[in-house]
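Enquirer: Got a structure here, written out as structure tokens. Questions coming.
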Amino acid sequence: MNNSHLNRAIYLIEGNFSDCLINAQQLTKNLQTLLLDDPRKANDFLGQEFDAVIFNATDTFDVNALGAISGTIRSGGYLLLLRPQACPESLFLKRFNTFLQKYNNVDFIESKQTNLQALNPPKRKEYIAQYATEDQQQAVEAVMRVVKGHRRRPLVITSDRGRGKSSALGIAAAKLYNDGLNNIIVCAPSKKTATAIFRHATTINADINLKFYAPDELYRQQPEADLVLVDEAAAIPVPLLTSFVKRYSRIVFSSTQHGYEGSGRGFTIRFQKELDQLAPEWKSIYLNTPVRWKENDTLEQFIFETLLLNAEAVDKEKIEAVGVADCRFVRIKKAQLINNESLLGEIFGLLVNAHYQTKPSDLRQLLDEEAISIFTLQANSSVVAVAVTIHEGGIDEQTCTDIFAGKRRLKGHLVAQSLAANVGIAHAPILEGERVIRIAIHPSLQRQGLGSYLLKSLADNCEADYLGTSFGATDALIRFWKKANFTSVYLGIKRDASSGAHSIIMLQAITKKGHSLVTDAKTRFNIQFPYLLPDPFNQLEDDIVLALLDNQSEMISENENQLLQAFAYQQRGYENTLYPIWKLVCNKLADNVSLDKKENKILILKVLQKTSWLELTGKMSPDISGKKAGLSLMRQAVSKLLGSTD
């Protein structure tokens, strides 16, 4: 293969690993080569550059690692893909092979071939001064304006991979540090993700002291900062990004538009709406010119197409004025997807838009996992909504007993096993459930009832005992699922490191057995939840508490009612009335329309979560200025609960 035109090329070598490796090493003996024999280490090399990468897929084919490591191959370089002679039957691999045959920049080599001619080293791209492209220079200048210009003008940098976004952040950080800006924070899904920022910053100034925070740490600790740089923002939930915008007046977000790191398109659509509200003068810049390879590079196009990194939902012009009445509920047969790129692209494009951490492995799972089913709403011959489910449960009684006792944990069956191990219903995994693992509505058709209609159609056609779902809890999502007749049965104790949210499980009963299970789980959760608020959930957001709380039936005696009246309308002390206040709040707070936001908040923070008066004043400033003001608001809230008939 003549690769003098600087397109990056692919060599497919088939056979056992040792034979394939001999040929690969013969081909690359004159090149700076990375042998990636363990795909789990792919992220360790992000931000580095190689003439060639030898990718071992003879044992397992890690498509996330392939998407990641392909970005380290420089212009004119080579990907050498090693795989077995006979690949297992798989819809994903069948589709992948179709693309291998389609591209003319792919060479096929059998491992038994001998006398292979060594490949020529690619020509290195020459950079002018410290910038790889004009785009990168403009990005650096834009970052510096965030600090030196007006406050509250966040910058969003987007591009496809390999355009030098992270490098630009590092260069800008070093320049600003040299100018005296000492307190710069870097935030990314992981420290490895931010490697390029630190490397480019220290290249310019070895003494620079950038501070790294994971997203959940930055959210919880809220440290002071002169500038916050958020890299790979598409892999961070929008609610966390929104909290950063509220907290920091000088902040930059960098996002990959089409990347294995996260769903850049969905990030752009969702986050732009938030920025328009919070910082209407926010700025954006798009980097188009590749740094490491030429434009329209063959390998980049191959990776984009095979891993569907460029998947997009259908153009909104094709579905204008579509409503629920125009939609058909259609179950998709997977075999038809590999012969219909348009249908597959529309489905996966919706999933990418809707979820912040969609990866190439999700595409493979979608096509190859037998337990997964795909359901759509279609209108005007286009996919406008999609739900993906996975079948769970049907586990034998002895295994259920072991799961309940903490002796076993099966792969998968997330909801079924959690109902036994966490909720405490030992027989739950015997029942069969369909867990909704993804649901996505076209961005231009949201809040029109399509999501509820899709879930209702799914429930009407479900052959399991229950429908389940698990997700990072937010007020909006909980209320969406409640509206679709799902009920909360478990809230995870720890926050997820990437989302900063507690995971929640919600269920909808289908069969008689399912109704019994859901009723049992719901009753347990409703009783236990108020008792968990002072300790494991004492930092849980008040709007989520309100969304999850269900009214109790704690009997309030005549004497307790007198105590409550004395607190609400006279000057009886809070501490001396705490128990009856707690019972009243548990009985009447949920879905109570008589209280305003401040009154709800103080009852949740003080009564249910046992927040100290000092901490309460800080959390509710400027609404209350101290204990006296807090007590006044508390008396007002309790009086409304006493007078309500909810």
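In the structure tokens, chains take the letters A, B, ... in the order shown, each chain's residues start at 1, and ligands count up from 1 in the order shown.
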Skipping near chain neighbours, those fewer than 6 positions away, what residues fall within 6 Å of A:Ala201 using only C-alpha atoms, listed as a list in words?
Expert: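 Residues near the query, excluding close chain neighbours: Gly170, Ile171 and Ala174 of chain A.
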Enquirer: Write to file, as a short mmCIF file (atom, residue, chain, number, x, y, z; two decimals), in the first residue's frame, the residues of the selection just made, with C-alpha atoms.
Expert:
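Wrote it out as result-v4.cif, contents follow:
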data_model
loop_
_atom_site.label_atom_id
_atom_site.label_comp_id
_atom_site.auth_asym_id
_atom_site.auth_seq_id
_atom_site.Cartn_x
_atom_site.Cartn_y
_atom_site.Cartn_z
CA GLY A 170 -2.80 23.48 28.55
CA ILE A 171 -1.07 26.20 26.54
CA ALA A 174 0.56 28.08 31.19
#
Enquirer: List the spatial neighbours of stretch 625-639 of chain A as a PyMOL selection string - criterion: any atom at most 6 Å away, only C-alpha atoms, same-chain residues fewer than 6 positions off excluded.
Expert: chain A and resi 568+599+613+617
Enquirer: Could you dump the residues just selected with C-alpha atoms as an mmCIF file, in the first residue's frame?
Expert:
data_model
loop_
_atom_site.group_PDB
_atom_site.id
_atom_site.type_symbol
_atom_site.label_atom_id
_atom_site.label_comp_id
_atom_site.auth_asym_id
_atom_site.auth_seq_id
_atom_site.Cartn_x
_atom_site.Cartn_y
_atom_site.Cartn_z
ATOM 1 C CA ALA A 568 -46.756 27.150 65.318
ATOM 2 C CA GLU A 599 -40.815 26.428 53.598
ATOM 3 C CA TRP A 613 -28.796 25.859 62.708
ATOM 4 C CA THR A 617 -28.191 29.441 57.794
#
Enquirer: Let's see if you can do this: from backbone DSSP, list all strand (DSSP E) residues in stretch 352-468 of chain A, as JSON, numbers by chain.
Expert: {"A": [372, 373, 374, 375, 376, 377, 378, 379, 382, 383, 384, 385, 386, 387, 388, 389, 390, 391, 392, 393, 432, 433, 434, 435, 436, 437, 438, 439, 440, 441, 466, 467, 468]}
Enquirer: Keeping N, CA and C atoms for every residue in the selection just given, could you write it to a file as a compact mmCIF listing (two decimals), in the first residue's frame?
Expert:
# COMPACT_ATOMS: atom_id res chain seq x y z
N ILE A 372 -31.15 -7.96 25.02
CA ILE A 372 -31.54 -6.57 24.73
C ILE A 372 -32.60 -6.51 23.64
N SER A 373 -33.60 -5.66 23.86
CA SER A 373 -34.65 -5.41 22.86
C SER A 373 -34.71 -3.91 22.56
N ILE A 374 -35.14 -3.59 21.34
CA ILE A 374 -35.20 -2.19 20.90
C ILE A 374 -36.63 -1.87 20.48
N PHE A 375 -37.17 -0.79 21.00
CA PHE A 375 -38.53 -0.36 20.68
C PHE A 375 -38.48 1.11 20.23
N THR A 376 -39.27 1.44 19.22
CA THR A 376 -39.23 2.80 18.68
C THR A 376 -40.64 3.36 18.52
N LEU A 377 -40.69 4.69 18.46
CA LEU A 377 -41.85 5.38 17.91
C LEU A 377 -41.40 5.95 16.57
N GLN A 378 -42.18 5.71 15.51
CA GLN A 378 -41.80 6.17 14.18
C GLN A 378 -42.91 7.03 13.59
N ALA A 379 -42.50 8.08 12.91
CA ALA A 379 -43.43 8.99 12.23
C ALA A 379 -42.76 9.50 10.97
N SER A 382 -39.52 8.01 9.98
CA SER A 382 -38.34 8.36 10.75
C SER A 382 -38.51 7.94 12.21
N VAL A 383 -37.40 7.66 12.86
CA VAL A 383 -37.42 7.30 14.28
C VAL A 383 -37.43 8.58 15.11
N VAL A 384 -38.47 8.75 15.92
CA VAL A 384 -38.58 9.96 16.74
C VAL A 384 -38.38 9.68 18.22
N ALA A 385 -38.40 8.40 18.61
CA ALA A 385 -38.16 8.02 20.00
C ALA A 385 -37.70 6.57 20.04
N VAL A 386 -36.90 6.24 21.04
CA VAL A 386 -36.40 4.86 21.16
C VAL A 386 -36.27 4.49 22.62
N ALA A 387 -36.59 3.24 22.92
CA ALA A 387 -36.36 2.67 24.25
C ALA A 387 -35.62 1.36 24.07
N VAL A 388 -34.60 1.16 24.88
CA VAL A 388 -33.81 -0.07 24.86
C VAL A 388 -33.98 -0.75 26.20
N THR A 389 -34.34 -2.04 26.18
CA THR A 389 -34.54 -2.78 27.43
C THR A 389 -33.64 -4.00 27.47
N ILE A 390 -33.39 -4.49 28.68
CA ILE A 390 -32.65 -5.74 28.85
C ILE A 390 -33.43 -6.63 29.79
N HIS A 391 -33.54 -7.90 29.43
CA HIS A 391 -34.32 -8.85 30.22
C HIS A 391 -33.53 -9.28 31.45
N GLU A 392 -34.20 -9.29 32.60
CA GLU A 392 -33.54 -9.66 33.85
C GLU A 392 -34.40 -10.66 34.61
N GLY A 393 -33.77 -11.29 35.62
CA GLY A 393 -34.51 -12.18 36.50
C GLY A 393 -34.60 -13.59 35.96
N GLU A 432 -39.44 -12.16 36.54
CA GLU A 432 -38.79 -11.67 35.33
C GLU A 432 -39.14 -10.21 35.10
N GLY A 433 -38.12 -9.43 34.75
CA GLY A 433 -38.32 -8.00 34.52
C GLY A 433 -37.67 -7.54 33.24
N GLU A 434 -38.16 -6.45 32.72
CA GLU A 434 -37.52 -5.75 31.60
C GLU A 434 -37.03 -4.42 32.13
N ARG A 435 -35.70 -4.24 32.15
CA ARG A 435 -35.14 -2.98 32.63
C ARG A 435 -34.91 -2.03 31.45
N VAL A 436 -35.48 -0.85 31.53
CA VAL A 436 -35.26 0.16 30.50
C VAL A 436 -33.87 0.76 30.73
N ILE A 437 -32.92 0.44 29.85
CA ILE A 437 -31.55 0.93 30.05
C ILE A 437 -31.29 2.23 29.30
N ARG A 438 -32.11 2.54 28.31
CA ARG A 438 -32.01 3.82 27.60
C ARG A 438 -33.40 4.21 27.10
N ILE A 439 -33.69 5.49 27.18
CA ILE A 439 -34.88 6.03 26.51
C ILE A 439 -34.50 7.40 25.97
N ALA A 440 -34.88 7.66 24.74
CA ALA A 440 -34.50 8.92 24.10
C ALA A 440 -35.62 9.41 23.21
N ILE A 441 -35.91 10.69 23.34
CA ILE A 441 -36.92 11.36 22.51
C ILE A 441 -36.19 12.39 21.66
N TYR A 466 -42.56 -7.17 35.54
CA TYR A 466 -42.47 -5.74 35.85
C TYR A 466 -41.53 -5.05 34.87
N LEU A 467 -41.69 -3.75 34.74
CA LEU A 467 -40.72 -2.89 34.06
C LEU A 467 -39.89 -2.20 35.13
N GLY A 468 -38.59 -2.07 34.89
CA GLY A 468 -37.73 -1.39 35.84
C GLY A 468 -36.81 -0.41 35.16
Enquirer: For stretch 203-211 of chain A, work out the shell of residues within 10 Å, counting only C-alpha atoms and skipping chain neighbours fewer than 3 positions away, then give it as a PyMOL selection string.
Expert: chain A and resi 130+170-175+177-178+182-187+197-200+225+228
Enquirer: Any chance you could export the current selection's C-alpha atoms as a PDB file, in the first residue's frame?
Expert:
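Output file part-v1.pdb follows:
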ATOM      1  CA  GLN A 130       3.981  26.753  19.507  1.00  0.00           C
ATOM      2  CA  GLY A 170      -2.800  23.478  28.548  1.00  0.00           C
ATOM      3  CA  ILE A 171      -1.069  26.197  26.541  1.00  0.00           C
ATOM      4  CA  ALA A 172      -3.564  28.839  27.704  1.00  0.00           C
ATOM      5  CA  ALA A 173      -3.227  27.709  31.337  1.00  0.00           C
ATOM      6  CA  ALA A 174       0.561  28.080  31.186  1.00  0.00           C
ATOM      7  CA  LYS A 175       0.354  31.522  29.580  1.00  0.00           C
ATOM      8  CA  TYR A 177      -0.011  31.246  34.988  1.00  0.00           C
ATOM      9  CA  ASN A 178       3.005  33.112  33.626  1.00  0.00           C
ATOM     10  CA  ASN A 182      -2.120  31.124  40.184  1.00  0.00           C
ATOM     11  CA  ASN A 183      -5.376  29.368  41.046  1.00  0.00           C
ATOM     12  CA  ILE A 184      -6.374  27.354  37.957  1.00  0.00           C
ATOM     13  CA  ILE A 185      -8.513  24.217  38.337  1.00  0.00           C
ATOM     14  CA  VAL A 186      -8.738  21.407  35.788  1.00  0.00           C
ATOM     15  CA  CYS A 187     -11.827  19.189  35.885  1.00  0.00           C
ATOM     16  CA  ILE A 197      -3.608  19.601  29.433  1.00  0.00           C
ATOM     17  CA  PHE A 198      -0.991  18.971  32.103  1.00  0.00           C
ATOM     18  CA  ARG A 199       1.649  17.876  29.578  1.00  0.00           C
ATOM     19  CA  HIS A 200       1.324  20.974  27.383  1.00  0.00           C
ATOM     20  CA  ALA A 225     -10.659  29.361  41.570  1.00  0.00           C
ATOM     21  CA  VAL A 228     -11.880  26.428  35.801  1.00  0.00           C
TER      22      VAL A 228
END
Enquirer: Atom CA of A:Leu46 and atom CA of A:Val147, how far apart in Å?
Expert: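 Going from atom CA of A:Val147 over to atom CA of A:Leu46, I get 27.9 Å.
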Enquirer: Give the helix (DSSP H, G or I) residues of stretch 147-336 of chain A, as assigned by DSSP on the backbone, as a PyMOL selection string.
Expert: chain A and resi 147-148+165-178+195-204+215-221+233-235+238-247+264-278+298-306+316-319+324-326+334-336
Enquirer: Only C-alpha atoms, please: the residues just picked out, written as a compact mmCIF listing (two decimals), in the first residue's frame.
Expert:
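part12.txt written:
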# COMPACT_ATOMS: atom_id res chain seq x y z
CA VAL A 147 -10.02 35.57 32.27
CA LYS A 148 -9.14 39.02 30.99
CA LYS A 165 -8.58 21.18 22.24
CA SER A 166 -6.87 19.77 25.31
CA SER A 167 -3.51 21.08 24.12
CA ALA A 168 -5.03 24.54 23.75
CA LEU A 169 -6.28 24.42 27.32
CA GLY A 170 -2.80 23.48 28.55
CA ILE A 171 -1.07 26.20 26.54
CA ALA A 172 -3.56 28.84 27.70
CA ALA A 173 -3.23 27.71 31.34
CA ALA A 174 0.56 28.08 31.19
CA LYS A 175 0.35 31.52 29.58
CA LEU A 176 -2.12 32.72 32.19
CA TYR A 177 -0.01 31.25 34.99
CA ASN A 178 3.01 33.11 33.63
CA THR A 195 -3.16 14.25 30.60
CA ALA A 196 -2.71 16.43 27.50
CA ILE A 197 -3.61 19.60 29.43
CA PHE A 198 -0.99 18.97 32.10
CA ARG A 199 1.65 17.88 29.58
CA HIS A 200 1.32 20.97 27.38
CA ALA A 201 1.14 23.28 30.40
CA THR A 202 4.31 21.87 31.98
CA THR A 203 6.11 21.96 28.63
CA ILE A 204 5.75 25.74 28.67
CA PRO A 215 -16.55 16.32 38.64
CA ASP A 216 -18.17 15.04 41.84
CA GLU A 217 -15.32 16.48 43.96
CA LEU A 218 -15.64 19.89 42.33
CA TYR A 219 -19.39 19.79 42.92
CA ARG A 220 -19.10 18.87 46.59
CA GLN A 221 -16.06 20.91 47.63
CA ALA A 233 -17.44 17.96 29.21
CA ALA A 234 -19.67 15.71 27.09
CA ALA A 235 -18.82 12.85 29.46
CA VAL A 238 -25.35 18.48 32.34
CA PRO A 239 -26.70 19.11 35.90
CA LEU A 240 -23.11 19.05 37.19
CA LEU A 241 -21.92 21.36 34.41
CA THR A 242 -24.78 23.71 35.20
CA SER A 243 -23.74 23.84 38.86
CA PHE A 244 -20.21 24.79 37.76
CA VAL A 245 -21.56 27.68 35.68
CA LYS A 246 -23.50 28.96 38.70
CA ARG A 247 -20.47 28.66 40.99
CA GLY A 264 -20.83 15.60 22.18
CA ARG A 265 -23.88 16.38 20.09
CA GLY A 266 -26.25 15.71 22.97
CA PHE A 267 -24.04 17.79 25.22
CA THR A 268 -24.21 20.72 22.82
CA ILE A 269 -27.99 20.59 22.51
CA ARG A 270 -28.78 20.16 26.22
CA PHE A 271 -26.07 22.36 27.67
CA GLN A 272 -26.70 25.25 25.28
CA LYS A 273 -30.21 25.62 26.70
CA GLU A 274 -28.79 25.90 30.21
CA LEU A 275 -26.13 28.41 29.17
CA ASP A 276 -28.70 30.56 27.40
CA GLN A 277 -30.52 30.90 30.74
CA LEU A 278 -27.54 31.23 33.09
CA THR A 298 -9.44 7.54 5.84
CA LEU A 299 -8.88 5.99 9.27
CA GLU A 300 -10.91 8.72 10.98
CA GLN A 301 -13.78 8.16 8.55
CA PHE A 302 -13.56 4.38 9.06
CA ILE A 303 -13.66 4.70 12.86
CA PHE A 304 -16.51 7.23 12.68
CA GLU A 305 -18.62 4.97 10.47
CA THR A 306 -17.94 1.57 12.03
CA LYS A 316 -35.90 18.05 12.62
CA GLU A 317 -37.26 19.33 9.30
CA LYS A 318 -38.46 15.79 8.50
CA ILE A 319 -40.57 15.54 11.65
CA VAL A 324 -48.31 11.37 19.59
CA ALA A 325 -51.20 10.62 17.23
CA ASP A 326 -48.77 10.43 14.30
CA LYS A 334 -31.79 -6.48 15.14
CA ALA A 335 -30.93 -8.36 11.98
CA GLN A 336 -32.52 -5.61 9.91
Enquirer: Which residue is closest to A:Val291? Choose from A:Ala132, A:Ala420, A:Leu6, A:Ala590 and count only C-alpha atoms.
Expert: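 The shortest atom-to-atom distance to A:Val291 comes from A:Ala132.
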Enquirer: Could you give me, as a PyMOL selection string, the residues within 12 Å of A:Lys483, counting only C-alpha atoms and dropping anything in the same chain fewer than 6 positions from it?
Expert: chain A and resi 449+451-453+455-456+476-477+506+508+547
Enquirer: Find the distance between atom CA of A:Asp550 and atom CA of A:Ser457 and write it in Å to one decimal.
Expert: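 Going from atom CA of A:Asp550 over to atom CA of A:Ser457, I get 27.1 Å.
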Enquirer: Mind giving me the straight-line distance from atom CA of A:Phe253 to atom CA of A:Ile544 in Å, one decimal?
Expert: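 Those two atoms sit 26.8 Å apart.
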